[in-house]
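Visitor: Let me give you the structure first, and then I'll get to my questions.
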Amino acid sequence: MDQDPKSTGTAGAIEQRSFARIGFLGNPSDVYNGRTISFTIGNFWATVKLEESEHVIIKPHPFHDLVQFTSLDHLLKRLENEGYYGGVRLLMAICKVFRNHCKDNAIQLHQRNFTLSYNTNIPRQTGLSGSSAIVSAALSCLLDFYNVRHLIKLQVRPNLVLNAEKELGIVAGLQDRVAQVYGGLVHMDFSKEHMDKLGHGIYTPMDITLLPPLHLIYAENPSDSGKVHSRVRQRWLDGDELIITSMEQVGNLAEEGRTALLEKDHSKLVQLINRNFDLRRRMFGDECLGAMNIEMVEVARRVGAASKFTGSGGAVVVFCPEGPSQVKLLEEECRKWGFILEPVKIAPSCLNDSDIQSLG
């Protein structure tokens, strides 16, 4: 997340940016006391602006919160393509969660008011954490407006982002929120022992230069990533042996992946990336994952590249170990299928001194 003071706009205004994220290895084991490696990307982001005002105002976005239409058909088409929800509900939810957290922890807030507005270019329903990017950017604005960044620990902030989304019935784990709060490349351990004792996982930033060149494939009309976890979660709670053992294996991929990154073992990374998707497919099934999502993975595999979902569907992260010639083949395959392909730009961590101090 961009927390550089230079991101502040005009006098009295605070503007923060939160980047899209890619779940690299281990997802979705974050919801199941597993381990993951995730990173933020500079390809897409959400920005939230906070300006002091007489009243608390949440500004609707002119496109994402559209309420005026040229016709009934326009309204229907809009709902079919974009759904019912924009970002206003996300901003309201994080305001509620932030206020309650401060109340519960005796953190005093001044009485001045503000106006919140947002913008985003993160493609919706691509499993790139577009909703949590808006929430985490808004939280960062609130921390600065009330000058409490040093009072709310860095490790706790992803919980606040997730709690805001839970208010709205969004099904998710902590992985995305950790990646966006910390920024850069992060290894995360969500073991039950840590979660029970600390209330959060153990989060370890890693050097972003350890990552090889990666690419992103996504579709313009992707699946709904918010509905994918539900049935598997219940089976896991019910003690389903297949789900429990498979999810443990998925979490172990993050440990093996950390070693492979540190040793720059790219052939091992290829195996781990492919294995991650294969285990997900075995647990969730093709019907749940969706034909288009599976095809994005297969397009990459047909040219010998490694591929897996970035999140729960809608986009795929790809590693072409053979370099530019393999990327060219991938470009041709994506063109045939109408998929969008672009190089991944890694967004580095932008934690400031107050954030580092809050770790203590």
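Naming scheme: A, B, ... for chains in displayed order of the structure tokens; residues 1 onward per chain; ligands 1 onward as shown.
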Name the residues of range 158-338 of chain A that come out as strand (DSSP E or B) in a backbone DSSP run; write them as a VMD selection string.
Guide: chain A and resid 185 to 189 202 to 206 215 to 218 306 to 309 315 to 319
Visitor: Would you list the contacts of range 91-105 of chain A as a PyMOL selection string, taking every protein, DNA or RNA residue within 10 Å and counting only C-alpha atoms, but skipping same-chain residues closer than 5 positions in sequence?
Guide: chain A and resi 48+57-60+86+116-118+131+134-139+142-143+148+151-152+157+159-168
Visitor: Quick one: residues within 9 Å of Met296 in chain A, only C-alpha atoms counted, chain neighbours fewer than 2 positions away excluded, as a ChimeraX atom specification?
Guide: /A:217-219,291-294,298-301,307-309,314-316,334,337,339
Visitor: Would you kindly return, as a PyMOL selection string, each protein, DNA or RNA residue with an atom no farther than 9 Å from any atom of range 206-216 of chain A, considering only C-alpha atoms and excluding same-chain residues fewer than 6 positions away?
Guide: chain A and resi 39+184-187+258+261-264+266+310+315-321+323+327+340-349
Visitor: Closest to Val88 in chain A among A:Phe63, A:Phe24, A:Phe69, A:Phe277, using only C-alpha atoms?
Guide: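 Among A:Phe63, A:Phe24, A:Phe69, A:Phe277, it is A:Phe63 that comes nearest to Val88 in chain A.
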Visitor: Enumerate, as a list in words, the complete set of residues in range 6-69 of chain A that a backbone-based DSSP assignment places in helix (DSSP H, G or I).
Guide: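 These are the residues in question: Lys6, Ser7, Ser29, Asp30, Val31 and Tyr32 of chain A.
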